[in-house]
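Visitor: coords15.cif is the file, holding mmCIF, C-alpha atoms:
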data_upload
#
loop_
_atom_site.group_PDB
_atom_site.id
_atom_site.type_symbol
_atom_site.label_atom_id
_atom_site.label_comp_id
_atom_site.auth_asym_id
_atom_site.auth_seq_id
_atom_site.Cartn_x
_atom_site.Cartn_y
_atom_site.Cartn_z
ATOM 1 C CA MET A 1 76.465 148.483 228.057
ATOM 2 C CA SER A 2 73.366 146.693 229.371
ATOM 3 C CA THR A 3 72.637 146.825 233.107
ATOM 4 C CA GLN A 4 70.515 143.677 232.828
ATOM 5 C CA THR A 5 72.030 140.459 234.146
ATOM 6 C CA ILE A 6 69.410 138.319 232.395
ATOM 7 C CA GLU A 7 67.923 139.280 229.019
ATOM 8 C CA VAL A 8 65.289 137.200 227.228
ATOM 9 C CA ASP A 9 64.028 138.515 223.892
ATOM 10 C CA GLY A 10 61.474 136.586 221.837
ATOM 11 C CA LEU A 11 62.551 133.208 223.245
ATOM 12 C CA ARG A 12 61.004 130.198 221.532
ATOM 13 C CA GLN A 13 61.657 126.544 222.268
ATOM 14 C CA ARG A 14 60.184 123.740 220.224
ATOM 15 C CA TYR A 15 60.216 119.978 220.701
ATOM 16 C CA GLY A 16 59.189 118.527 217.369
ATOM 17 C CA ASP A 17 55.703 119.835 216.639
ATOM 18 C CA PHE A 18 55.198 121.099 220.189
ATOM 19 C CA GLU A 19 56.230 124.664 221.025
ATOM 20 C CA ALA A 20 56.873 124.767 224.765
ATOM 21 C CA VAL A 21 57.893 128.450 224.873
ATOM 22 C CA ARG A 22 56.223 130.877 222.495
ATOM 23 C CA GLY A 23 58.141 134.121 222.155
ATOM 24 C CA ILE A 24 58.604 135.441 225.685
ATOM 25 C CA ASP A 25 60.460 138.562 226.834
ATOM 26 C CA PHE A 26 61.755 139.644 230.229
ATOM 27 C CA GLU A 27 64.819 141.170 231.881
ATOM 28 C CA VAL A 28 66.363 140.919 235.339
ATOM 29 C CA PRO A 29 68.718 143.676 236.543
ATOM 30 C CA ALA A 30 71.851 143.023 238.564
ATOM 31 C CA GLY A 31 70.925 142.288 242.170
ATOM 32 C CA GLY A 32 67.254 141.699 241.327
ATOM 33 C CA LEU A 33 65.045 138.752 242.245
ATOM 34 C CA PHE A 34 62.671 137.672 239.504
ATOM 35 C CA ALA A 35 60.037 134.986 240.079
ATOM 36 C CA LEU A 36 58.901 132.978 237.077
ATOM 37 C CA LEU A 37 55.561 131.389 237.949
ATOM 38 C CA GLY A 38 53.148 129.233 236.030
ATOM 39 C CA THR A 39 51.080 126.101 235.798
ATOM 40 C CA ASN A 40 52.653 122.687 235.270
ATOM 41 C CA GLY A 41 53.791 122.494 231.657
ATOM 42 C CA ALA A 42 53.722 126.288 231.257
ATOM 43 C CA GLY A 43 57.308 126.405 229.987
ATOM 44 C CA LYS A 44 59.106 127.604 233.118
ATOM 45 C CA THR A 45 61.601 124.754 233.358
ATOM 46 C CA THR A 46 62.355 124.905 229.642
ATOM 47 C CA THR A 47 63.019 128.650 229.923
ATOM 48 C CA ILE A 48 65.393 128.146 232.825
ATOM 49 C CA GLU A 49 67.204 125.300 231.047
ATOM 50 C CA VAL A 50 67.846 127.642 228.124
ATOM 51 C CA LEU A 51 69.168 130.337 230.462
ATOM 52 C CA GLU A 52 71.402 127.805 232.206
ATOM 53 C CA GLY A 53 72.853 126.740 228.864
ATOM 54 C CA PHE A 54 71.404 123.222 228.876
ATOM 55 C CA ARG A 55 69.282 123.838 225.762
ATOM 56 C CA LYS A 56 69.831 125.770 222.558
ATOM 57 C CA PRO A 57 66.862 128.055 221.892
ATOM 58 C CA THR A 58 64.782 127.427 218.785
ATOM 59 C CA GLY A 59 64.306 131.163 218.297
ATOM 60 C CA GLY A 60 64.941 134.525 219.910
ATOM 61 C CA THR A 61 67.958 135.611 221.915
ATOM 62 C CA VAL A 62 69.049 134.992 225.493
ATOM 63 C CA ARG A 63 71.877 136.698 227.353
ATOM 64 C CA LEU A 64 73.270 135.864 230.786
ATOM 65 C CA LEU A 65 75.830 138.295 232.207
ATOM 66 C CA GLY A 66 76.112 139.623 228.648
ATOM 67 C CA ALA A 67 77.031 136.221 227.198
ATOM 68 C CA ASP A 68 75.250 133.501 225.228
ATOM 69 C CA PRO A 69 74.649 130.704 227.770
ATOM 70 C CA TRP A 70 74.577 128.023 225.077
ATOM 71 C CA ARG A 71 77.776 129.014 223.275
ATOM 72 C CA GLN A 72 79.654 130.332 226.301
ATOM 73 C CA ARG A 73 78.477 127.975 229.002
ATOM 74 C CA LYS A 74 82.003 126.989 230.070
ATOM 75 C CA ALA A 75 82.970 130.611 230.693
ATOM 76 C CA LEU A 76 79.729 131.341 232.557
ATOM 77 C CA ARG A 77 79.675 128.233 234.729
ATOM 78 C CA PRO A 78 81.962 129.547 237.534
ATOM 79 C CA ARG A 79 79.775 132.648 237.848
ATOM 80 C CA VAL A 80 76.435 130.834 238.125
ATOM 81 C CA GLY A 81 74.821 128.787 240.900
ATOM 82 C CA ILE A 82 72.062 126.315 240.067
ATOM 83 C CA MET A 83 69.602 124.583 242.382
ATOM 84 C CA LEU A 84 67.602 122.089 240.350
ATOM 85 C CA GLN A 85 64.356 120.380 241.395
ATOM 86 C CA GLU A 86 66.227 117.066 241.441
ATOM 87 C CA SER A 87 69.928 117.321 242.161
ATOM 88 C CA GLY A 88 71.078 113.691 242.070
ATOM 89 C CA LEU A 89 73.014 113.820 245.343
ATOM 90 C CA ILE A 90 75.236 110.812 246.054
ATOM 91 C CA GLY A 91 73.668 109.028 248.988
ATOM 92 C CA ASP A 92 76.823 107.268 250.230
ATOM 93 C CA LEU A 93 78.771 110.513 250.704
ATOM 94 C CA THR A 94 78.509 112.487 253.913
ATOM 95 C CA VAL A 95 77.205 116.031 253.878
ATOM 96 C CA ALA A 96 80.727 117.395 254.423
ATOM 97 C CA GLU A 97 82.177 115.215 251.647
ATOM 98 C CA THR A 98 79.478 116.422 249.280
ATOM 99 C CA VAL A 99 80.258 120.080 250.003
ATOM 100 C CA ASP A 100 83.992 119.455 249.640
ATOM 101 C CA LEU A 101 83.383 117.825 246.256
ATOM 102 C CA TRP A 102 81.543 120.947 245.053
ATOM 103 C CA ARG A 103 84.154 123.263 246.560
ATOM 104 C CA ASP A 104 86.795 121.583 244.407
ATOM 105 C CA LEU A 105 84.928 122.801 241.317
ATOM 106 C CA HIS A 106 85.388 126.480 242.233
ATOM 107 C CA GLU A 107 88.407 128.765 242.484
ATOM 108 C CA GLN A 108 87.326 130.751 245.555
ATOM 109 C CA PRO A 109 84.568 128.777 247.279
ATOM 110 C CA LEU A 110 83.020 129.494 250.624
ATOM 111 C CA ASP A 111 84.494 127.709 253.602
ATOM 112 C CA ALA A 112 82.650 124.372 253.965
ATOM 113 C CA ASP A 113 81.508 125.121 257.518
ATOM 114 C CA ASP A 114 80.241 128.553 256.458
ATOM 115 C CA ALA A 115 78.249 127.040 253.595
ATOM 116 C CA LEU A 116 76.647 124.469 255.900
ATOM 117 C CA LYS A 117 76.037 127.038 258.633
ATOM 118 C CA GLN A 118 74.087 129.204 256.181
ATOM 119 C CA VAL A 119 71.580 126.386 255.624
ATOM 120 C CA ASP A 120 71.630 125.105 259.228
ATOM 121 C CA LEU A 121 73.257 121.771 258.378
ATOM 122 C CA LEU A 122 76.574 122.101 260.209
ATOM 123 C CA ASP A 123 75.451 119.538 262.782
ATOM 124 C CA LYS A 124 74.776 117.071 259.923
ATOM 125 C CA ALA A 125 78.270 117.333 258.412
ATOM 126 C CA GLY A 126 79.175 113.724 259.239
ATOM 127 C CA VAL A 127 75.801 112.238 258.234
ATOM 128 C CA GLN A 128 75.384 110.334 254.981
ATOM 129 C CA VAL A 129 73.228 112.164 252.458
ATOM 130 C CA ARG A 130 70.844 109.205 252.227
ATOM 131 C CA GLN A 131 69.952 109.702 255.901
ATOM 132 C CA LEU A 132 68.771 113.284 255.414
ATOM 133 C CA SER A 133 65.093 114.191 255.229
ATOM 134 C CA GLY A 134 63.666 115.624 252.025
ATOM 135 C CA GLY A 135 63.804 119.150 253.415
ATOM 136 C CA GLN A 136 67.384 118.710 254.603
ATOM 137 C CA LYS A 137 68.421 117.517 251.141
ATOM 138 C CA ARG A 138 66.912 120.682 249.660
ATOM 139 C CA ARG A 139 68.935 122.765 252.107
ATOM 140 C CA LEU A 140 72.059 120.867 251.070
ATOM 141 C CA ASP A 141 71.171 121.567 247.422
ATOM 142 C CA LEU A 142 71.065 125.268 248.290
ATOM 143 C CA ALA A 143 74.432 125.102 250.049
ATOM 144 C CA LEU A 144 75.954 123.555 246.911
ATOM 145 C CA ALA A 145 74.364 126.237 244.728
ATOM 146 C CA VAL A 146 75.908 129.091 246.729
ATOM 147 C CA VAL A 147 79.250 127.562 247.709
ATOM 148 C CA GLY A 148 80.936 129.042 244.614
ATOM 149 C CA ARG A 149 79.852 132.616 245.456
ATOM 150 C CA PRO A 150 77.717 132.954 242.279
ATOM 151 C CA GLU A 151 76.829 136.231 240.629
ATOM 152 C CA VAL A 152 73.621 134.659 239.333
ATOM 153 C CA LEU A 153 71.575 132.056 241.196
ATOM 154 C CA PHE A 154 68.855 129.879 239.663
ATOM 155 C CA LEU A 155 66.462 128.435 242.237
ATOM 156 C CA ASP A 156 63.970 125.852 240.979
ATOM 157 C CA GLU A 157 61.379 125.122 243.694
ATOM 158 C CA PRO A 158 63.963 125.751 246.450
ATOM 159 C CA THR A 159 61.779 125.145 249.534
ATOM 160 C CA THR A 160 59.867 122.031 248.470
ATOM 161 C CA GLY A 161 59.714 119.591 251.387
ATOM 162 C CA MET A 162 60.893 122.095 253.985
ATOM 163 C CA ASP A 163 59.055 122.681 257.230
ATOM 164 C CA PRO A 164 57.843 126.246 257.937
ATOM 165 C CA GLU A 165 60.867 127.130 260.093
ATOM 166 C CA ALA A 166 63.360 125.950 257.444
ATOM 167 C CA ARG A 167 61.384 127.744 254.715
ATOM 168 C CA LEU A 168 61.561 131.057 256.604
ATOM 169 C CA ALA A 169 65.297 130.586 257.201
ATOM 170 C CA THR A 170 65.798 129.889 253.495
ATOM 171 C CA TRP A 171 63.861 133.023 252.592
ATOM 172 C CA ARG A 172 66.124 135.064 254.858
ATOM 173 C CA LEU A 173 69.217 133.549 253.231
ATOM 174 C CA ILE A 174 67.917 134.334 249.743
ATOM 175 C CA GLN A 175 67.138 137.909 250.794
ATOM 176 C CA ASP A 176 70.651 138.260 252.233
ATOM 177 C CA LEU A 177 72.171 137.007 248.971
ATOM 178 C CA VAL A 178 70.152 139.523 246.962
ATOM 179 C CA SER A 179 71.104 142.333 249.340
ATOM 180 C CA ALA A 180 74.739 141.393 248.746
ATOM 181 C CA GLY A 181 74.269 141.775 244.985
ATOM 182 C CA THR A 182 73.428 138.274 243.753
ATOM 183 C CA THR A 183 70.885 138.152 240.923
ATOM 184 C CA VAL A 184 68.255 135.459 241.506
ATOM 185 C CA LEU A 185 65.766 133.811 239.186
ATOM 186 C CA LEU A 186 63.219 131.811 241.185
ATOM 187 C CA THR A 187 60.530 129.359 240.198
ATOM 188 C CA THR A 188 58.086 128.230 242.841
ATOM 189 C CA HIS A 189 54.576 126.889 243.331
ATOM 190 C CA TYR A 190 54.409 128.673 246.704
ATOM 191 C CA LEU A 191 52.819 131.977 245.703
ATOM 192 C CA GLU A 192 53.492 133.416 249.163
ATOM 193 C CA GLU A 193 57.182 132.761 248.497
ATOM 194 C CA ALA A 194 57.070 134.826 245.313
ATOM 195 C CA GLU A 195 55.106 137.610 247.030
ATOM 196 C CA ARG A 196 57.591 137.728 249.889
ATOM 197 C CA LEU A 197 60.823 137.610 247.883
ATOM 198 C CA ALA A 198 60.402 138.885 244.325
ATOM 199 C CA ASP A 199 61.024 142.385 243.002
ATOM 200 C CA ARG A 200 59.124 141.416 239.844
ATOM 201 C CA ILE A 201 57.186 138.374 238.709
ATOM 202 C CA ALA A 202 55.938 136.838 235.488
ATOM 203 C CA ILE A 203 53.162 134.273 235.220
ATOM 204 C CA MET A 204 53.457 131.828 232.329
ATOM 205 C CA HIS A 205 50.680 129.695 230.879
ATOM 206 C CA ARG A 206 50.874 127.466 227.825
ATOM 207 C CA GLY A 207 54.267 128.761 226.796
ATOM 208 C CA GLU A 208 53.450 132.470 227.047
ATOM 209 C CA ILE A 209 53.917 135.166 229.679
ATOM 210 C CA ARG A 210 50.389 136.304 230.499
ATOM 211 C CA ILE A 211 51.290 138.997 233.019
ATOM 212 C CA LEU A 212 54.520 140.663 234.185
ATOM 213 C CA GLY A 213 55.396 143.333 236.736
ATOM 214 C CA THR A 214 55.821 143.960 240.436
ATOM 215 C CA VAL A 215 53.381 142.155 242.731
ATOM 216 C CA PRO A 216 51.376 145.371 243.387
ATOM 217 C CA GLU A 217 51.218 146.041 239.636
ATOM 218 C CA VAL A 218 50.116 142.495 238.885
ATOM 219 C CA VAL A 219 47.333 142.376 241.476
ATOM 220 C CA ALA A 220 46.121 145.978 240.983
ATOM 221 C CA GLY A 221 44.100 145.157 237.902
ATOM 222 C CA HIS A 222 42.262 142.246 239.494
ATOM 223 C CA GLY A 223 40.062 144.196 241.852
ATOM 224 C CA ASP A 224 39.038 144.178 245.483
ATOM 225 C CA ARG A 225 36.909 141.495 247.062
ATOM 226 C CA ILE A 226 34.060 142.304 249.465
ATOM 227 C CA THR A 227 32.531 139.368 251.338
ATOM 228 C CA PHE A 228 29.955 138.806 254.054
ATOM 229 C CA ARG A 229 27.998 135.914 255.543
ATOM 230 C CA VAL A 230 24.397 135.862 254.283
ATOM 231 C CA PRO A 231 21.835 135.405 257.097
ATOM 232 C CA SER A 232 19.683 132.286 256.738
ATOM 233 C CA HIS A 233 16.483 134.367 256.474
ATOM 234 C CA THR A 234 17.800 136.490 253.563
ATOM 235 C CA PRO A 235 16.990 135.117 250.084
ATOM 236 C CA ILE A 236 19.970 135.106 247.756
ATOM 237 C CA ASP A 237 18.004 136.756 244.971
ATOM 238 C CA THR A 238 17.407 139.825 247.160
ATOM 239 C CA LEU A 239 21.120 140.622 247.546
ATOM 240 C CA PRO A 240 22.167 143.905 245.915
ATOM 241 C CA ARG A 241 24.308 144.406 242.837
ATOM 242 C CA LEU A 242 27.495 146.383 243.394
ATOM 243 C CA ASP A 243 28.828 148.298 240.399
ATOM 244 C CA GLY A 244 26.316 146.297 238.388
ATOM 245 C CA LEU A 245 27.701 142.954 239.590
ATOM 246 C CA ALA A 246 25.706 140.199 241.261
ATOM 247 C CA PRO A 247 27.507 138.390 244.086
ATOM 248 C CA GLU A 248 29.204 135.028 243.809
ATOM 249 C CA ILE A 249 27.870 132.607 246.404
ATOM 250 C CA ALA A 250 29.880 129.970 248.240
ATOM 251 C CA VAL A 251 28.643 127.762 251.082
ATOM 252 C CA ALA A 252 30.781 127.134 254.156
ATOM 253 C CA ASP A 253 29.635 125.591 257.445
ATOM 254 C CA GLY A 254 26.115 125.383 256.049
ATOM 255 C CA LEU A 255 25.773 129.136 255.495
ATOM 256 C CA PRO A 256 26.250 131.002 252.211
ATOM 257 C CA THR A 257 28.893 133.698 251.803
ATOM 258 C CA ALA A 258 28.384 136.457 249.249
ATOM 259 C CA SER A 259 31.455 137.727 247.426
ATOM 260 C CA TYR A 260 31.826 140.717 245.087
ATOM 261 C CA THR A 261 34.970 141.380 243.062
ATOM 262 C CA LEU A 262 35.161 145.047 242.066
ATOM 263 C CA SER A 263 37.663 146.247 239.492
ATOM 264 C CA GLY A 264 38.393 149.368 237.465
ATOM 265 C CA GLY A 265 39.109 152.906 238.584
ATOM 266 C CA ASP A 266 40.973 153.950 241.699
ATOM 267 C CA PRO A 267 41.381 150.958 244.081
ATOM 268 C CA ASP A 268 40.641 152.941 247.251
ATOM 269 C CA ALA A 269 37.614 154.653 245.724
ATOM 270 C CA ARG A 270 36.049 151.486 244.323
ATOM 271 C CA ALA A 271 36.358 149.618 247.645
ATOM 272 C CA HIS A 272 34.913 152.566 249.573
ATOM 273 C CA ARG A 273 32.088 152.916 247.068
ATOM 274 C CA GLY A 274 31.250 149.231 247.219
ATOM 275 C CA VAL A 275 31.205 149.061 251.013
ATOM 276 C CA ALA A 276 29.130 152.238 251.253
ATOM 277 C CA SER A 277 26.530 150.827 248.847
ATOM 278 C CA LEU A 278 26.419 147.539 250.728
ATOM 279 C CA VAL A 279 26.046 149.210 254.141
ATOM 280 C CA ALA A 280 23.244 151.440 252.805
ATOM 281 C CA TRP A 281 21.414 148.368 251.471
ATOM 282 C CA ALA A 282 21.857 146.552 254.793
ATOM 283 C CA ALA A 283 20.497 149.529 256.755
ATOM 284 C CA GLU A 284 17.502 149.766 254.449
ATOM 285 C CA THR A 285 16.653 146.070 254.597
ATOM 286 C CA GLY A 286 17.642 145.375 258.205
ATOM 287 C CA VAL A 287 20.234 142.759 257.190
ATOM 288 C CA THR A 288 23.257 142.214 259.443
ATOM 289 C CA LEU A 289 26.524 142.114 257.504
ATOM 290 C CA ASP A 290 28.117 139.295 259.473
ATOM 291 C CA ARG A 291 31.871 138.819 258.912
ATOM 292 C CA LEU A 292 32.065 141.707 256.465
ATOM 293 C CA ALA A 293 35.552 141.804 254.984
ATOM 294 C CA VAL A 294 37.334 143.792 252.286
ATOM 295 C CA ARG A 295 40.636 142.669 250.817
ATOM 296 C CA PRO A 296 42.649 143.419 247.691
ATOM 297 C CA ALA A 297 43.219 140.717 245.116
ATOM 298 C CA SER A 298 45.997 138.265 245.926
ATOM 299 C CA LEU A 299 48.592 136.718 243.681
ATOM 300 C CA GLU A 300 46.608 133.496 243.954
ATOM 301 C CA ASP A 301 43.522 135.286 242.574
ATOM 302 C CA VAL A 302 45.543 136.513 239.598
ATOM 303 C CA PHE A 303 47.093 133.100 239.020
ATOM 304 C CA LEU A 304 43.743 131.311 239.083
ATOM 305 C CA SER A 305 42.116 133.922 236.828
ATOM 306 C CA ILE A 306 44.784 133.316 234.180
ATOM 307 C CA VAL A 307 44.139 129.578 234.317
ATOM 308 C CA GLU A 308 40.363 130.078 234.139
ATOM 309 C CA GLU A 309 40.616 132.409 231.117
ATOM 310 C CA THR A 310 42.110 129.660 228.990
ATOM 311 C CA ARG A 311 39.885 126.737 229.964
#
Translate the structure of the given file into structure tokens.

Guide:
Amino acid sequence: MSTQTIEVDGLRQRYGDFEAVRGIDFEVPAGGLFALLGTNGAGKTTTIEVLEGFRKPTGGTVRLLGADPWRQRKALRPRVGIMLQESGLIGDLTVAETVDLWRDLHEQPLDADDALKQVDLLDKAGVQVRQLSGGQKRRLDLALAVVGRPEVLFLDEPTTGMDPEARLATWRLIQDLVSAGTTVLLTTHYLEEAERLADRIAIMHRGEIRILGTVPEVVAGHGDRITFRVPSHTPIDTLPRLDGLAPEIAVADGLPTASYTLSGGDPDARAHRGVASLVAWAAETGVTLDRLAVRPASLEDVFLSIVEETR
């Protein structure tokens, strides 16, 4: 028996002549948090709609809790929580009335006050939904998604419109849900959100998964970046090459910054080697390495490199 809560094998989804999803594969184990990232139009939303049972796949197989979400959607629905980008909340209802309406759809829902307390909206229980801010509406969406105690939770851009404090509180709630055994599939444009929360991530572009793994695995192959501020009296063409690479130059505050991205081999060794070569060059030429910094690649670096590769 499979231990994977979500299984996607060769999924394809076509709209007429346009293939939005082109044969992707991934799995999410029980109690895991998987972040599906990608550019606009990459196929993320289509993939999630298939998993939620809203679309029949054109090709491949999809399993949710061991069942076919298209054919067995009715049976799966009580076990799944969904937070869409646009929920269609009824503006004339109060927050409490909205939660009560959703509670009626479940056999063993959370207590209404507990659901609102989790998303810090208990003090808004008597307020009409139309009077909530954008961030507060997103928190209400999350309360509705978890009120049925789901085994699987789909979160589509869950913290859009939230202020930093509400975003951090939402992250803590999601982490608590995962710790309690809920399986979460997350899509987000906040890369820091994915880095903070996800056990594994996939980055989609033009209907395909371009890279998949844990965050350390994903960023490991994209090198380390060494930067320093170039003194005004140092010609750019005299800067050294590190591992055979010339620096990239960017100008900020009127002064150029040199940047080297080193990849291949052991990460610790390549960074040490690069810095040692740079320091030796600086000592030989009398150049001060102002604001010298070394950092590993970020998820943003990986994301942007995928986009650049296909332009």

Visitor: Within 7 Å of (64.1, 128.7, 242.5) in the file's own coordinates, which protein, DNA or RNA residues have an atom, counting all atoms listed in the file? List them as an MDAnalysis selection string.

Guide: chainID A and resid 83 154:158 185:188

Visitor: Which residues are close to Gln108 (chain A), i.e. within 9 Å by only C-alpha atoms, leaving aside same-chain residues fewer than 6 positions away? Reply as a list in words.

Guide: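 Near neighbours after the sequence-gap exclusion: Val147, Gly148 and Arg149 of chain A.
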
Visitor: Residues of the last selection are to be written out with C-alpha atoms, as a CSV table (one decimal), in the frame of the given file.

Guide:
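File produced: again-v5.csv:
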chain,number,residue,atom,x,y,z
A,147,VAL,CA,79.2,127.6,247.7
A,148,GLY,CA,80.9,129.0,244.6
A,149,ARG,CA,79.9,132.6,245.5

Visitor: For Met162 (chain A), which residue among A:Leu140, A:Ala20, A:Val178, A:Leu116 is the nearest when counting only C-alpha atoms?

Guide: A:Leu140

Visitor: Of the candidates A:Val302, A:Val279, A:Leu153, A:Ala269, which one gets nearest to Ala220 (chain A) if we count all atoms listed in the file?

Guide: A:Val302

Visitor: My list of candidates is A:Glu97, A:Glu300, A:Asp17, A:Asp141. Which is closest to Ala125 (chain A) when distances are computed with all atoms listed in the file?

Guide: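 Of the candidates, the smallest distance to Ala125 (chain A) is held by A:Glu97.
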
Visitor: Contacts between region 273-276 of chain A and region 176-247 of chain A, please, where a residue of region 176-247 of chain A counts if it comes within 8 Å (with only C-alpha atoms); show its shortest atom pair and distance in Å to one decimal, rows by chain and ascending number, as JSON lines.

Guide:
{"residue": "A:Ile226", "atom": "CA", "partner": "A:Val275", "partner_atom": "CA", "distance": 7.5}
{"residue": "A:Leu242", "atom": "CA", "partner": "A:Gly274", "partner_atom": "CA", "distance": 6.1}
{"residue": "A:Asp243", "atom": "CA", "partner": "A:Gly274", "partner_atom": "CA", "distance": 7.3}

Visitor: What does the distance from CA of Ala115 (chain A) to CA of Val146 (chain A) come to in Å, to one decimal?

Guide: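 We find that CA of Ala115 (chain A) and CA of Val146 (chain A) lie 7.5 Å from each other.
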
Visitor: Would you list the contacts of region 2-15 of chain A as a ChimeraX atom specification, taking every protein, DNA or RNA residue within 10 Å and counting only C-alpha atoms, but skipping same-chain residues closer than 2 positions in sequence?

Guide: /A:17-32,34,43,46-47,50-51,55-67,151-152,182-185,207-208

Visitor: Provide the CA of Leu33 (chain A) to CA of Ala198 (chain A) distance in Å, to one decimal place.

Guide: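 Straight-line distance from CA of Leu33 (chain A) to CA of Ala198 (chain A) works out to 5.1 Å.
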
Visitor: Have a look at CA of Ile306 (chain A) and CA of Glu193 (chain A) and let me know their distance in Å, one decimal.

Guide: 18.9 Å

Visitor: For the file shown, what are the residues hit by the PyMOL selection byres ((chain A and resi 229) around 7), laid out as a list in words?

Guide: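 Output from the PyMOL selection byres ((chain A and resi 229) around 7), applied to this file: Phe228, Val230, Pro231, Pro256, Thr257, Ala258, Leu289, Asp290 and Arg291 of chain A.
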
Visitor: Just need the box for region 275-288 of chain A, edges along x, y and z, holding every atom the file lists for it with 3 Å tacked onto each side, so centre and edge lengths in Å to one decimal, as lines of an AutoDock Vina configuration file.

Guide:
center_x = 23.9
center_y = 147.2
center_z = 254.1
size_x = 20.6
size_y = 16.0
size_z = 16.6

Visitor: Fewer than 2 positions away in the same chain doesn't count, so skip those; otherwise give me all residues within 12 Å of Pro216 (chain A), counting all atoms listed in the file, as a ChimeraX atom specification.

Guide: /A:195-196,198-201,212-214,218-223,267,296-299,302

Visitor: Just say which residues the PyMOL selection byres ((chain A and resi 95) around 7) picks in this file, as a PyMOL selection string.

Guide: chain A and resi 93-94+96-99+124-129

Visitor: Quick one: which residues end up in the PyMOL selection byres ((chain A and resi 244) around 12) for this structure, as a PyMOL selection string?

Guide: chain A and resi 239-243+245-247+260-263+274+277

Visitor: The selected residues should be written to file as a CSV table (one decimal), in the frame of the given file (atoms: C-alpha atoms).

Guide:
chain,number,residue,atom,x,y,z
A,239,LEU,CA,21.1,140.6,247.5
A,240,PRO,CA,22.2,143.9,245.9
A,241,ARG,CA,24.3,144.4,242.8
A,242,LEU,CA,27.5,146.4,243.4
A,243,ASP,CA,28.8,148.3,240.4
A,245,LEU,CA,27.7,143.0,239.6
A,246,ALA,CA,25.7,140.2,241.3
A,247,PRO,CA,27.5,138.4,244.1
A,260,TYR,CA,31.8,140.7,245.1
A,261,THR,CA,35.0,141.4,243.1
A,262,LEU,CA,35.2,145.0,242.1
A,263,SER,CA,37.7,146.2,239.5
A,274,GLY,CA,31.2,149.2,247.2
A,277,SER,CA,26.5,150.8,248.8

Visitor: Skipping near chain neighbours, those fewer than 5 positions away, what residues fall within 10 Å of Asp163 (chain A) using all atoms listed in the file, listed as a PyMOL selection string?

Guide: chain A and resi 134-136+168

Visitor: Any chance you could model N, CA, C and O atoms for region 274-284 of chain A and send them as an mmCIF file, in the coordinates of the input?

Guide:
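As a result, out.cif now contains:
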data_model
loop_
_atom_site.group_PDB
_atom_site.id
_atom_site.type_symbol
_atom_site.label_atom_id
_atom_site.label_comp_id
_atom_site.auth_asym_id
_atom_site.auth_seq_id
_atom_site.Cartn_x
_atom_site.Cartn_y
_atom_site.Cartn_z
ATOM 1 N N GLY A 274 31.938 150.506 247.086
ATOM 2 C CA GLY A 274 31.250 149.231 247.219
ATOM 3 C C GLY A 274 30.760 148.986 248.626
ATOM 4 O O GLY A 274 29.610 148.556 248.830
ATOM 5 N N VAL A 275 31.604 149.264 249.619
ATOM 6 C CA VAL A 275 31.205 149.061 251.013
ATOM 7 C C VAL A 275 30.081 150.013 251.386
ATOM 8 O O VAL A 275 29.118 149.627 252.071
ATOM 9 N N ALA A 276 30.176 151.262 250.940
ATOM 10 C CA ALA A 276 29.130 152.238 251.253
ATOM 11 C C ALA A 276 27.783 151.792 250.689
ATOM 12 O O ALA A 276 26.747 151.893 251.369
ATOM 13 N N SER A 277 27.784 151.301 249.464
ATOM 14 C CA SER A 277 26.530 150.827 248.847
ATOM 15 C C SER A 277 25.973 149.639 249.601
ATOM 16 O O SER A 277 24.748 149.529 249.821
ATOM 17 N N LEU A 278 26.859 148.732 250.017
ATOM 18 C CA LEU A 278 26.419 147.539 250.728
ATOM 19 C C LEU A 278 25.853 147.885 252.103
ATOM 20 O O LEU A 278 24.815 147.360 252.521
ATOM 21 N N VAL A 279 26.518 148.801 252.818
ATOM 22 C CA VAL A 279 26.046 149.210 254.141
ATOM 23 C C VAL A 279 24.693 149.924 254.031
ATOM 24 O O VAL A 279 23.796 149.717 254.862
ATOM 25 N N ALA A 280 24.526 150.759 253.002
ATOM 26 C CA ALA A 280 23.244 151.440 252.805
ATOM 27 C C ALA A 280 22.133 150.427 252.541
ATOM 28 O O ALA A 280 21.016 150.558 253.080
ATOM 29 N N TRP A 281 22.424 149.411 251.733
ATOM 30 C CA TRP A 281 21.414 148.368 251.471
ATOM 31 C C TRP A 281 21.072 147.617 252.752
ATOM 32 O O TRP A 281 19.890 147.344 253.027
ATOM 33 N N ALA A 282 22.093 147.289 253.557
ATOM 34 C CA ALA A 282 21.857 146.552 254.793
ATOM 35 C C ALA A 282 21.010 147.361 255.767
ATOM 36 O O ALA A 282 20.111 146.819 256.434
ATOM 37 N N ALA A 283 21.277 148.678 255.860
ATOM 38 C CA ALA A 283 20.497 149.529 256.755
ATOM 39 C C ALA A 283 19.050 149.607 256.301
ATOM 40 O O ALA A 283 18.119 149.601 257.125
ATOM 41 N N GLU A 284 18.856 149.651 254.997
ATOM 42 C CA GLU A 284 17.502 149.766 254.449
ATOM 43 C C GLU A 284 16.702 148.484 254.632
ATOM 44 O O GLU A 284 15.489 148.525 254.892
#
